[in-house]
Amino acid sequence: MSQVDRFAVFPELHITVDPLPNQAIRVRVAGEITMENVADLRTVLHRAIDDVRATAVEVDLSLVTFIDSTGIGKLVAARAHARGNHSDLWITNPGPNVRRVLSLLGLLEILSAPDWAPPKSA
């Protein structure tokens, strides 16, 4: 085994937080959400809800290229946590891969913004 074979390369996750009107927050996520890095996303989402007391948390997934089951589970858990703390949380702009996974699981409409509607079939 070479020296290089001993090290795992974990996917990168980048998270930025922007204030929105009415004490809401936008969390922009870029990269891959996996079990190796999902704790970082959970920390940011819970801080927005618990510490900042955001009225709503919008999670922009437009730059997420992959999400595994732990990432999906954390989004669902964060939404429940928000609602239990007089806040709300929803996703926006999921890319095609993320949209497909969430749709197959029946979570796309559940996690989407309140004014979101699924695309109409042609």
# chains A, B, ... in the order shown; residues from 1 in each chain; ligands from 1
>>> residues_around(residues="Leu63 (chain A)", least_positions_apart="2", cutoff="12 Å", atoms="only C-alpha atoms", output="ChimeraX atom specification")
/A:12-16,27-33,59-61,65-67,92-99
>>> write_last_selection(atoms="N, CA, C and O atoms", output="compact mmCIF listing (two decimals), in the first residue's frame")
# COMPACT_ATOMS: atom_id res chain seq x y z
N GLU A 12 -15.87 18.06 -0.18
CA GLU A 12 -15.92 19.39 0.43
C GLU A 12 -17.35 19.90 0.50
O GLU A 12 -18.16 19.63 -0.37
N LEU A 13 -17.61 20.64 1.55
CA LEU A 13 -18.90 21.27 1.75
C LEU A 13 -18.62 22.71 2.14
O LEU A 13 -17.83 22.98 3.04
N HIS A 14 -19.25 23.62 1.44
CA HIS A 14 -19.10 25.04 1.74
C HIS A 14 -20.47 25.58 2.14
O HIS A 14 -21.47 25.33 1.46
N ILE A 15 -20.50 26.33 3.23
CA ILE A 15 -21.75 26.86 3.75
C ILE A 15 -21.58 28.35 4.02
O ILE A 15 -20.61 28.75 4.68
N THR A 16 -22.49 29.16 3.50
CA THR A 16 -22.51 30.58 3.82
C THR A 16 -23.88 30.93 4.35
O THR A 16 -24.88 30.30 4.01
N VAL A 27 -29.28 30.00 4.15
CA VAL A 27 -28.09 29.17 4.26
C VAL A 27 -27.81 28.61 2.87
O VAL A 27 -28.62 27.86 2.33
N ARG A 28 -26.68 29.01 2.29
CA ARG A 28 -26.30 28.52 0.96
C ARG A 28 -25.29 27.39 1.14
O ARG A 28 -24.29 27.57 1.81
N VAL A 29 -25.60 26.29 0.49
CA VAL A 29 -24.77 25.10 0.62
C VAL A 29 -24.20 24.76 -0.75
O VAL A 29 -24.93 24.78 -1.74
N ALA A 30 -22.92 24.43 -0.80
CA ALA A 30 -22.27 24.06 -2.06
C ALA A 30 -21.40 22.83 -1.83
O ALA A 30 -20.76 22.70 -0.79
N GLY A 31 -21.40 21.93 -2.80
CA GLY A 31 -20.59 20.74 -2.72
C GLY A 31 -21.44 19.50 -2.51
O GLY A 31 -22.57 19.41 -2.98
N GLU A 32 -20.88 18.55 -1.79
CA GLU A 32 -21.56 17.29 -1.51
C GLU A 32 -21.90 17.21 -0.02
O GLU A 32 -21.05 17.48 0.82
N ILE A 33 -23.13 16.81 0.26
CA ILE A 33 -23.55 16.62 1.65
C ILE A 33 -23.51 15.12 1.91
O ILE A 33 -24.30 14.36 1.34
N VAL A 59 -32.80 27.10 2.95
CA VAL A 59 -31.59 26.36 2.63
C VAL A 59 -31.49 26.26 1.11
O VAL A 59 -32.24 25.53 0.47
N ASP A 60 -30.57 27.02 0.55
CA ASP A 60 -30.38 27.06 -0.90
C ASP A 60 -29.44 25.93 -1.30
O ASP A 60 -28.27 25.91 -0.94
N LEU A 61 -29.99 24.97 -2.06
CA LEU A 61 -29.22 23.79 -2.46
C LEU A 61 -28.78 23.85 -3.93
O LEU A 61 -28.41 22.83 -4.51
N THR A 65 -24.15 19.14 -5.33
CA THR A 65 -24.07 18.17 -6.42
C THR A 65 -24.46 16.76 -6.00
O THR A 65 -24.76 15.91 -6.84
N PHE A 66 -24.47 16.51 -4.69
CA PHE A 66 -24.80 15.17 -4.18
C PHE A 66 -25.28 15.31 -2.75
O PHE A 66 -24.76 16.14 -1.99
N ILE A 67 -26.26 14.48 -2.38
CA ILE A 67 -26.70 14.41 -0.99
C ILE A 67 -27.00 12.95 -0.67
O ILE A 67 -27.67 12.27 -1.45
N THR A 92 -34.59 25.47 -1.16
CA THR A 92 -34.85 26.14 -2.43
C THR A 92 -33.81 25.69 -3.44
O THR A 92 -32.70 25.29 -3.08
N ASN A 93 -34.16 25.78 -4.70
CA ASN A 93 -33.26 25.58 -5.82
C ASN A 93 -32.47 24.27 -5.83
O ASN A 93 -31.28 24.28 -6.16
N PRO A 94 -33.09 23.14 -5.51
CA PRO A 94 -32.30 21.91 -5.59
C PRO A 94 -31.93 21.63 -7.04
O PRO A 94 -32.75 21.79 -7.94
N GLY A 95 -30.67 21.24 -7.26
CA GLY A 95 -30.23 20.87 -8.61
C GLY A 95 -30.90 19.58 -9.05
O GLY A 95 -31.59 18.92 -8.26
N PRO A 96 -30.70 19.20 -10.29
CA PRO A 96 -31.39 18.02 -10.84
C PRO A 96 -31.17 16.74 -10.04
O PRO A 96 -32.11 15.98 -9.81
N ASN A 97 -29.93 16.47 -9.61
CA ASN A 97 -29.67 15.23 -8.87
C ASN A 97 -30.36 15.24 -7.51
O ASN A 97 -30.97 14.25 -7.10
N VAL A 98 -30.25 16.34 -6.82
CA VAL A 98 -30.87 16.45 -5.49
C VAL A 98 -32.39 16.43 -5.63
O VAL A 98 -33.09 15.75 -4.87
N ARG A 99 -32.90 17.14 -6.61
CA ARG A 99 -34.35 17.17 -6.86
C ARG A 99 -34.89 15.76 -7.11
O ARG A 99 -35.91 15.37 -6.57
>>> residues_around(residues="Leu20 (chain A)", least_positions_apart="4", cutoff="10 Å", atoms="only C-alpha atoms", output="list in words")
Ala24, Ile25, Arg26, Ala54, Thr55, Ala56, Val57 and Glu58 of chain A
>>> write_last_selection(atoms="all heavy atoms", output="PDB file, in the first residue's frame")
ATOM      1  N   ALA A  24     -35.186  36.439   9.013  1.00  0.00           N
ATOM      2  CA  ALA A  24     -35.002  35.137   8.377  1.00  0.00           C
ATOM      3  C   ALA A  24     -33.545  35.016   7.932  1.00  0.00           C
ATOM      4  O   ALA A  24     -32.812  35.999   7.896  1.00  0.00           O
ATOM      5  CB  ALA A  24     -35.938  34.992   7.189  1.00  0.00           C
ATOM      6  N   ILE A  25     -33.131  33.807   7.611  1.00  0.00           N
ATOM      7  CA  ILE A  25     -31.750  33.541   7.223  1.00  0.00           C
ATOM      8  C   ILE A  25     -31.730  32.633   5.998  1.00  0.00           C
ATOM      9  O   ILE A  25     -32.531  31.705   5.895  1.00  0.00           O
ATOM     10  CB  ILE A  25     -30.979  32.871   8.375  1.00  0.00           C
ATOM     11  CG1 ILE A  25     -30.762  33.881   9.502  1.00  0.00           C
ATOM     12  CG2 ILE A  25     -29.661  32.288   7.912  1.00  0.00           C
ATOM     13  CD1 ILE A  25     -30.047  33.317  10.687  1.00  0.00           C
ATOM     14  N   ARG A  26     -30.791  32.928   5.097  1.00  0.00           N
ATOM     15  CA  ARG A  26     -30.549  32.032   3.956  1.00  0.00           C
ATOM     16  C   ARG A  26     -29.227  31.316   4.201  1.00  0.00           C
ATOM     17  O   ARG A  26     -28.202  31.941   4.437  1.00  0.00           O
ATOM     18  CB  ARG A  26     -30.466  32.795   2.652  1.00  0.00           C
ATOM     19  CG  ARG A  26     -30.113  31.886   1.455  1.00  0.00           C
ATOM     20  CD  ARG A  26     -30.064  32.628   0.138  1.00  0.00           C
ATOM     21  NE  ARG A  26     -31.398  33.125  -0.174  1.00  0.00           N
ATOM     22  CZ  ARG A  26     -31.671  34.404  -0.475  1.00  0.00           C
ATOM     23  NH1 ARG A  26     -30.711  35.317  -0.504  1.00  0.00           N
ATOM     24  NH2 ARG A  26     -32.906  34.773  -0.743  1.00  0.00           N
ATOM     25  N   ALA A  54     -33.889  32.729  14.190  1.00  0.00           N
ATOM     26  CA  ALA A  54     -34.422  33.083  12.872  1.00  0.00           C
ATOM     27  C   ALA A  54     -35.889  32.702  12.788  1.00  0.00           C
ATOM     28  O   ALA A  54     -36.306  31.651  13.277  1.00  0.00           O
ATOM     29  CB  ALA A  54     -33.636  32.370  11.775  1.00  0.00           C
ATOM     30  N   THR A  55     -36.676  33.564  12.171  1.00  0.00           N
ATOM     31  CA  THR A  55     -38.092  33.266  11.968  1.00  0.00           C
ATOM     32  C   THR A  55     -38.272  32.194  10.901  1.00  0.00           C
ATOM     33  O   THR A  55     -39.241  31.450  10.930  1.00  0.00           O
ATOM     34  CB  THR A  55     -38.856  34.524  11.540  1.00  0.00           C
ATOM     35  OG1 THR A  55     -38.237  35.054  10.356  1.00  0.00           O
ATOM     36  CG2 THR A  55     -38.850  35.563  12.644  1.00  0.00           C
ATOM     37  N   ALA A  56     -37.319  32.128   9.982  1.00  0.00           N
ATOM     38  CA  ALA A  56     -37.336  31.111   8.941  1.00  0.00           C
ATOM     39  C   ALA A  56     -35.909  30.900   8.450  1.00  0.00           C
ATOM     40  O   ALA A  56     -35.095  31.815   8.458  1.00  0.00           O
ATOM     41  CB  ALA A  56     -38.234  31.528   7.785  1.00  0.00           C
ATOM     42  N   VAL A  57     -35.626  29.680   8.016  1.00  0.00           N
ATOM     43  CA  VAL A  57     -34.316  29.339   7.463  1.00  0.00           C
ATOM     44  C   VAL A  57     -34.542  28.771   6.071  1.00  0.00           C
ATOM     45  O   VAL A  57     -35.201  27.756   5.906  1.00  0.00           O
ATOM     46  CB  VAL A  57     -33.572  28.321   8.346  1.00  0.00           C
ATOM     47  CG1 VAL A  57     -32.221  27.961   7.734  1.00  0.00           C
ATOM     48  CG2 VAL A  57     -33.416  28.844   9.768  1.00  0.00           C
ATOM     49  N   GLU A  58     -34.004  29.478   5.092  1.00  0.00           N
ATOM     50  CA  GLU A  58     -34.081  29.034   3.699  1.00  0.00           C
ATOM     51  C   GLU A  58     -32.751  28.361   3.365  1.00  0.00           C
ATOM     52  O   GLU A  58     -31.696  28.973   3.482  1.00  0.00           O
ATOM     53  CB  GLU A  58     -34.303  30.238   2.796  1.00  0.00           C
ATOM     54  CG  GLU A  58     -34.256  29.933   1.329  1.00  0.00           C
ATOM     55  CD  GLU A  58     -34.320  31.184   0.498  1.00  0.00           C
ATOM     56  OE1 GLU A  58     -35.373  31.852   0.523  1.00  0.00           O
ATOM     57  OE2 GLU A  58     -33.313  31.512  -0.163  1.00  0.00           O
TER      58      GLU A  58
END
>>> select_by_dssp(residues="chain A", states="alpha helix (DSSP H)", output="CSV table (one decimal) with all heavy atoms, in the first residue's frame")
chain,number,residue,atom,x,y,z
A,38,VAL,N,-21.9,16.2,7.2
A,38,VAL,CA,-23.2,16.6,7.6
A,38,VAL,C,-23.3,17.3,8.9
A,38,VAL,O,-24.2,18.1,9.2
A,38,VAL,CB,-24.3,15.5,7.4
A,38,VAL,CG1,-24.1,14.5,8.6
A,38,VAL,CG2,-25.7,16.0,7.3
A,39,ALA,N,-22.4,17.0,9.8
A,39,ALA,CA,-22.5,17.6,11.2
A,39,ALA,C,-22.3,19.1,11.0
A,39,ALA,O,-22.8,19.9,11.8
A,39,ALA,CB,-21.4,17.0,12.1
A,40,ASP,N,-21.5,19.5,10.1
A,40,ASP,CA,-21.2,21.0,9.8
A,40,ASP,C,-22.5,21.7,9.5
A,40,ASP,O,-22.9,22.7,9.9
A,40,ASP,CB,-20.2,21.2,8.8
A,40,ASP,CG,-18.8,20.7,9.2
A,40,ASP,OD1,-18.5,20.6,10.4
A,40,ASP,OD2,-18.0,20.4,8.2
A,41,LEU,N,-23.3,21.0,8.6
A,41,LEU,CA,-24.6,21.6,8.1
A,41,LEU,C,-25.6,21.6,9.3
A,41,LEU,O,-26.2,22.6,9.5
A,41,LEU,CB,-25.2,20.8,7.0
A,41,LEU,CG,-26.5,21.2,6.4
A,41,LEU,CD1,-26.4,22.7,5.9
A,41,LEU,CD2,-27.0,20.3,5.3
A,42,ARG,N,-25.6,20.6,10.1
A,42,ARG,CA,-26.5,20.5,11.2
A,42,ARG,C,-26.2,21.6,12.2
A,42,ARG,O,-27.1,22.3,12.7
A,42,ARG,CB,-26.4,19.2,11.9
A,42,ARG,CG,-27.3,19.1,13.2
A,42,ARG,CD,-26.9,17.9,14.1
A,42,ARG,NE,-27.7,17.9,15.2
A,42,ARG,CZ,-27.6,18.6,16.3
A,42,ARG,NH1,-26.7,19.6,16.3
A,42,ARG,NH2,-28.4,18.5,17.3
A,43,THR,N,-24.9,21.9,12.5
A,43,THR,CA,-24.5,22.9,13.4
A,43,THR,C,-25.0,24.3,12.9
A,43,THR,O,-25.5,25.0,13.7
A,43,THR,CB,-22.9,22.9,13.5
A,43,THR,OG1,-22.6,21.7,14.1
A,43,THR,CG2,-22.5,24.0,14.4
A,44,VAL,N,-24.8,24.6,11.6
A,44,VAL,CA,-25.2,25.9,11.1
A,44,VAL,C,-26.7,26.0,11.2
A,44,VAL,O,-27.2,27.1,11.6
A,44,VAL,CB,-24.7,26.0,9.6
A,44,VAL,CG1,-25.4,27.3,9.0
A,44,VAL,CG2,-23.2,26.1,9.6
A,45,LEU,N,-27.5,25.0,10.8
A,45,LEU,CA,-28.9,25.1,10.8
A,45,LEU,C,-29.4,25.2,12.3
A,45,LEU,O,-30.3,26.1,12.5
A,45,LEU,CB,-29.5,23.9,10.2
A,45,LEU,CG,-29.2,23.7,8.7
A,45,LEU,CD1,-29.8,22.4,8.2
A,45,LEU,CD2,-29.7,24.9,7.9
A,46,HIS,N,-28.9,24.5,13.2
A,46,HIS,CA,-29.3,24.6,14.6
A,46,HIS,C,-29.0,25.9,15.2
A,46,HIS,O,-29.7,26.5,16.0
A,46,HIS,CB,-28.8,23.4,15.4
A,46,HIS,CG,-29.7,22.2,15.2
A,46,HIS,ND1,-30.5,21.7,16.2
A,46,HIS,CD2,-29.9,21.4,14.2
A,46,HIS,CE1,-31.1,20.6,15.8
A,46,HIS,NE2,-30.7,20.4,14.5
A,47,ARG,N,-27.8,26.5,14.9
A,47,ARG,CA,-27.4,27.8,15.4
A,47,ARG,C,-28.4,28.9,14.8
A,47,ARG,O,-28.7,29.8,15.6
A,47,ARG,CB,-26.0,28.1,15.0
A,47,ARG,CG,-25.0,27.5,15.9
A,47,ARG,CD,-23.6,28.0,15.6
A,47,ARG,NE,-22.7,27.3,16.4
A,47,ARG,CZ,-21.4,27.2,16.2
A,47,ARG,NH1,-20.9,27.7,15.1
A,47,ARG,NH2,-20.6,26.5,17.0
A,48,ALA,N,-28.8,28.7,13.6
A,48,ALA,CA,-29.7,29.7,13.0
A,48,ALA,C,-31.0,29.7,13.8
A,48,ALA,O,-31.6,30.7,14.0
A,48,ALA,CB,-29.9,29.4,11.5
A,49,ILE,N,-31.4,28.5,14.1
A,49,ILE,CA,-32.7,28.4,14.8
A,49,ILE,C,-32.6,28.7,16.3
A,49,ILE,O,-33.4,29.5,16.9
A,49,ILE,CB,-33.3,26.9,14.6
A,49,ILE,CG1,-33.6,26.7,13.2
A,49,ILE,CG2,-34.5,26.7,15.5
A,49,ILE,CD1,-33.6,25.2,12.8
A,50,ASP,N,-31.6,28.2,17.0
A,50,ASP,CA,-31.5,28.3,18.4
A,50,ASP,C,-30.8,29.6,18.9
A,50,ASP,O,-31.3,30.3,19.8
A,50,ASP,CB,-30.7,27.1,19.0
A,50,ASP,CG,-31.4,25.8,18.8
A,50,ASP,OD1,-32.6,25.8,18.6
A,50,ASP,OD2,-30.7,24.8,18.7
A,69,SER,N,-28.1,9.8,2.3
A,69,SER,CA,-29.3,9.7,3.2
A,69,SER,C,-29.1,10.4,4.5
A,69,SER,O,-30.1,10.9,5.1
A,69,SER,CB,-29.5,8.2,3.5
A,69,SER,OG,-28.4,7.6,4.1
A,70,THR,N,-27.8,10.5,5.0
A,70,THR,CA,-27.6,11.3,6.3
A,70,THR,C,-27.9,12.8,6.1
A,70,THR,O,-28.5,13.4,7.0
A,70,THR,CB,-26.2,11.1,6.8
A,70,THR,OG1,-25.3,11.5,5.8
A,70,THR,CG2,-25.9,9.7,7.2
A,71,GLY,N,-27.6,13.3,4.9
A,71,GLY,CA,-27.9,14.7,4.6
A,71,GLY,C,-29.4,14.9,4.5
A,71,GLY,O,-29.9,15.9,5.1
A,72,ILE,N,-30.1,14.0,3.9
A,72,ILE,CA,-31.5,14.2,3.8
A,72,ILE,C,-32.2,14.1,5.2
A,72,ILE,O,-33.0,14.8,5.5
A,72,ILE,CB,-32.1,13.1,2.8
A,72,ILE,CG1,-31.6,13.4,1.4
A,72,ILE,CG2,-33.6,13.0,2.9
A,72,ILE,CD1,-31.9,12.2,0.4
A,73,GLY,N,-31.7,13.1,6.0
A,73,GLY,CA,-32.2,13.0,7.3
A,73,GLY,C,-32.0,14.2,8.2
A,73,GLY,O,-32.8,14.6,8.9
A,74,LYS,N,-30.8,14.9,8.0
A,74,LYS,CA,-30.5,16.1,8.8
A,74,LYS,C,-31.5,17.2,8.3
A,74,LYS,O,-31.9,18.1,9.1
A,74,LYS,CB,-29.1,16.5,8.6
A,74,LYS,CG,-28.1,15.6,9.3
A,74,LYS,CD,-28.4,15.6,10.8
A,74,LYS,CE,-27.3,14.7,11.5
A,74,LYS,NZ,-27.8,13.8,12.5
A,75,LEU,N,-31.8,17.3,7.0
A,75,LEU,CA,-32.7,18.4,6.6
A,75,LEU,C,-34.1,18.1,7.2
A,75,LEU,O,-34.7,19.1,7.6
A,75,LEU,CB,-32.8,18.4,5.1
A,75,LEU,CG,-31.6,18.9,4.3
A,75,LEU,CD1,-31.7,18.8,2.8
A,75,LEU,CD2,-31.3,20.4,4.7
A,76,VAL,N,-34.5,16.9,7.2
A,76,VAL,CA,-35.8,16.6,7.8
A,76,VAL,C,-35.8,16.9,9.3
A,76,VAL,O,-36.8,17.5,9.8
A,76,VAL,CB,-36.2,15.1,7.5
A,76,VAL,CG1,-37.5,14.7,8.2
A,76,VAL,CG2,-36.4,14.9,6.0
A,77,ALA,N,-34.8,16.5,10.0
A,77,ALA,CA,-34.7,16.7,11.4
A,77,ALA,C,-34.6,18.2,11.7
A,77,ALA,O,-35.2,18.7,12.7
A,77,ALA,CB,-33.5,16.0,12.0
A,78,ALA,N,-33.9,18.9,10.9
A,78,ALA,CA,-33.7,20.4,11.1
A,78,ALA,C,-35.1,21.1,10.9
A,78,ALA,O,-35.4,22.0,11.6
A,78,ALA,CB,-32.7,21.0,10.2
A,79,ARG,N,-35.8,20.6,10.0
A,79,ARG,CA,-37.2,21.2,9.8
A,79,ARG,C,-38.1,21.0,11.0
A,79,ARG,O,-38.7,21.9,11.5
A,79,ARG,CB,-37.8,20.6,8.5
A,79,ARG,CG,-39.2,21.3,8.3
A,79,ARG,CD,-39.5,21.4,6.9
A,79,ARG,NE,-40.6,22.3,6.7
A,79,ARG,CZ,-41.5,22.2,5.8
A,79,ARG,NH1,-41.4,21.2,4.9
A,79,ARG,NH2,-42.5,23.1,5.7
A,80,ALA,N,-38.0,19.7,11.5
A,80,ALA,CA,-38.8,19.4,12.7
A,80,ALA,C,-38.3,20.3,13.9
A,80,ALA,O,-39.1,20.8,14.6
A,80,ALA,CB,-38.7,17.9,13.0
A,81,HIS,N,-37.0,20.4,14.0
A,81,HIS,CA,-36.5,21.2,15.1
A,81,HIS,C,-36.9,22.7,14.9
A,81,HIS,O,-37.3,23.3,15.9
A,81,HIS,CB,-34.9,21.1,15.0
A,81,HIS,CG,-34.3,21.9,16.1
A,81,HIS,ND1,-34.3,21.6,17.4
A,81,HIS,CD2,-33.6,23.1,16.0
A,81,HIS,CE1,-33.6,22.4,18.1
A,81,HIS,NE2,-33.1,23.4,17.3
A,82,ALA,N,-36.9,23.2,13.7
A,82,ALA,CA,-37.3,24.6,13.5
A,82,ALA,C,-38.8,24.8,13.9
A,82,ALA,O,-39.1,25.7,14.6
A,82,ALA,CB,-37.1,25.0,12.0
A,83,ARG,N,-39.6,23.9,13.4
A,83,ARG,CA,-41.1,24.0,13.7
A,83,ARG,C,-41.3,23.8,15.2
A,83,ARG,O,-42.3,24.4,15.7
A,83,ARG,CB,-41.8,23.0,12.9
A,83,ARG,CG,-41.9,23.4,11.4
A,83,ARG,CD,-42.8,22.6,10.6
A,83,ARG,NE,-43.0,23.3,9.3
A,83,ARG,CZ,-43.8,22.8,8.4
A,83,ARG,NH1,-44.4,21.7,8.6
A,83,ARG,NH2,-44.0,23.5,7.3
A,96,PRO,N,-30.7,19.2,-10.3
A,96,PRO,CA,-31.4,18.0,-10.8
A,96,PRO,C,-31.2,16.7,-10.0
A,96,PRO,O,-32.1,16.0,-9.8
A,96,PRO,CB,-30.8,17.9,-12.3
A,96,PRO,CG,-30.2,19.2,-12.6
A,96,PRO,CD,-29.8,19.9,-11.3
A,97,ASN,N,-29.9,16.5,-9.6
A,97,ASN,CA,-29.7,15.2,-8.9
A,97,ASN,C,-30.4,15.2,-7.5
A,97,ASN,O,-31.0,14.3,-7.1
A,97,ASN,CB,-28.2,15.0,-8.7
A,97,ASN,CG,-27.5,14.8,-10.0
A,97,ASN,OD1,-28.0,14.3,-11.0
A,97,ASN,ND2,-26.2,15.1,-10.0
A,98,VAL,N,-30.2,16.3,-6.8
A,98,VAL,CA,-30.9,16.4,-5.5
A,98,VAL,C,-32.4,16.4,-5.6
A,98,VAL,O,-33.1,15.8,-4.9
A,98,VAL,CB,-30.4,17.7,-4.8
A,98,VAL,CG1,-31.1,17.9,-3.5
A,98,VAL,CG2,-28.9,17.7,-4.5
A,99,ARG,N,-32.9,17.1,-6.6
A,99,ARG,CA,-34.4,17.2,-6.9
A,99,ARG,C,-34.9,15.8,-7.1
A,99,ARG,O,-35.9,15.4,-6.6
A,99,ARG,CB,-34.7,18.1,-8.0
A,99,ARG,CG,-36.1,18.1,-8.4
A,99,ARG,CD,-36.4,19.0,-9.7
A,99,ARG,NE,-36.0,20.4,-9.4
A,99,ARG,CZ,-36.9,21.2,-8.9
A,99,ARG,NH1,-38.1,20.9,-8.5
A,99,ARG,NH2,-36.5,22.5,-8.6
A,100,ARG,N,-34.2,15.0,-7.9
A,100,ARG,CA,-34.6,13.6,-8.2
A,100,ARG,C,-34.7,12.8,-7.0
A,100,ARG,O,-35.6,12.1,-6.8
A,100,ARG,CB,-33.7,13.0,-9.3
A,100,ARG,CG,-34.1,11.6,-9.7
A,100,ARG,CD,-33.2,11.2,-10.9
A,100,ARG,NE,-33.6,9.9,-11.3
A,100,ARG,CZ,-33.1,8.7,-10.9
A,100,ARG,NH1,-32.0,8.8,-10.1
A,100,ARG,NH2,-33.5,7.6,-11.3
A,101,VAL,N,-33.6,12.8,-6.2
A,101,VAL,CA,-33.6,12.0,-5.0
A,101,VAL,C,-34.7,12.4,-4.0
A,101,VAL,O,-35.5,11.5,-3.5
A,101,VAL,CB,-32.2,12.1,-4.3
A,101,VAL,CG1,-32.3,11.5,-2.9
A,101,VAL,CG2,-31.1,11.5,-5.1
A,102,LEU,N,-34.9,13.7,-3.8
A,102,LEU,CA,-35.9,14.1,-2.9
A,102,LEU,C,-37.3,13.8,-3.4
A,102,LEU,O,-38.2,13.4,-2.7
A,102,LEU,CB,-35.8,15.6,-2.6
A,102,LEU,CG,-34.6,16.1,-1.9
A,102,LEU,CD1,-34.5,17.6,-1.8
A,102,LEU,CD2,-34.6,15.5,-0.5
A,103,SER,N,-37.5,13.9,-4.7
A,103,SER,CA,-38.8,13.5,-5.4
A,103,SER,C,-39.1,12.0,-5.2
A,103,SER,O,-40.2,11.6,-4.9
A,103,SER,CB,-38.7,13.9,-6.8
A,103,SER,OG,-40.0,13.6,-7.4
A,104,LEU,N,-38.1,11.2,-5.5
A,104,LEU,CA,-38.3,9.8,-5.3
A,104,LEU,C,-38.6,9.4,-3.9
A,104,LEU,O,-39.4,8.4,-3.7
A,104,LEU,CB,-37.0,9.0,-5.7
A,104,LEU,CG,-36.7,9.0,-7.2
A,104,LEU,CD1,-35.3,8.4,-7.5
A,104,LEU,CD2,-37.7,8.2,-8.0
A,108,LEU,N,-39.7,16.1,-1.7
A,108,LEU,CA,-39.5,17.4,-2.4
A,108,LEU,C,-40.5,18.4,-2.1
A,108,LEU,O,-40.2,19.6,-1.7
A,108,LEU,CB,-39.4,17.2,-4.0
A,108,LEU,CG,-39.1,18.4,-4.8
A,108,LEU,CD1,-37.8,19.0,-4.5
A,108,LEU,CD2,-39.2,18.1,-6.3
A,109,GLU,N,-41.8,18.1,-2.1
A,109,GLU,CA,-42.8,19.0,-1.8
A,109,GLU,C,-42.9,19.3,-0.3
A,109,GLU,O,-43.1,20.4,0.1
A,109,GLU,CB,-44.2,18.5,-2.3
A,109,GLU,CG,-44.3,18.5,-3.8
A,109,GLU,CD,-45.7,18.1,-4.2
A,109,GLU,OE1,-46.7,18.6,-3.7
A,109,GLU,OE2,-45.8,17.3,-5.1
A,110,ILE,N,-42.5,18.3,0.5
A,110,ILE,CA,-42.6,18.5,2.0
A,110,ILE,C,-41.5,19.5,2.4
A,110,ILE,O,-41.8,20.4,3.3
A,110,ILE,CB,-42.4,17.2,2.7
A,110,ILE,CG1,-43.6,16.3,2.4
A,110,ILE,CG2,-42.1,17.4,4.2
A,110,ILE,CD1,-43.4,14.8,2.9
A,111,LEU,N,-40.3,19.4,1.8
A,111,LEU,CA,-39.2,20.3,2.3
A,111,LEU,C,-39.1,21.6,1.5
A,111,LEU,O,-38.3,22.5,1.9
A,111,LEU,CB,-37.9,19.6,2.1
A,111,LEU,CG,-37.6,18.4,3.1
A,111,LEU,CD1,-36.3,17.7,2.8
A,111,LEU,CD2,-37.6,18.9,4.5
>>> select_by_dssp(residues="region 29-76 of chain A", states="strand (DSSP E)", output="compact mmCIF listing (two decimals) with C-alpha atoms, in the first residue's frame")
# COMPACT_ATOMS: atom_id res chain seq x y z
CA VAL A 29 -24.77 25.10 0.62
CA ALA A 30 -22.27 24.06 -2.06
CA GLY A 31 -20.59 20.74 -2.72
CA GLU A 32 -21.56 17.29 -1.51
CA ILE A 33 -23.55 16.62 1.65
CA VAL A 57 -34.32 29.34 7.46
CA GLU A 58 -34.08 29.03 3.70
CA VAL A 59 -31.59 26.36 2.63
CA ASP A 60 -30.38 27.06 -0.90
CA LEU A 61 -29.22 23.79 -2.46
CA SER A 62 -28.51 25.13 -5.96
CA LEU A 63 -24.80 24.30 -5.72
CA VAL A 64 -25.19 20.90 -4.04
CA THR A 65 -24.07 18.17 -6.42
CA PHE A 66 -24.80 15.17 -4.18
CA ILE A 67 -26.70 14.41 -0.99
>>> closest_residue(among="A:Ser112, A:Asp68, A:Val52, A:Thr34", to="Ser87 (chain A)", atoms="only C-alpha atoms")
A:Val52
>>> atom_distance(atom1="CA of Pro114 (chain A)", atom2="CA of Asn85 (chain A)")
17.8 Å
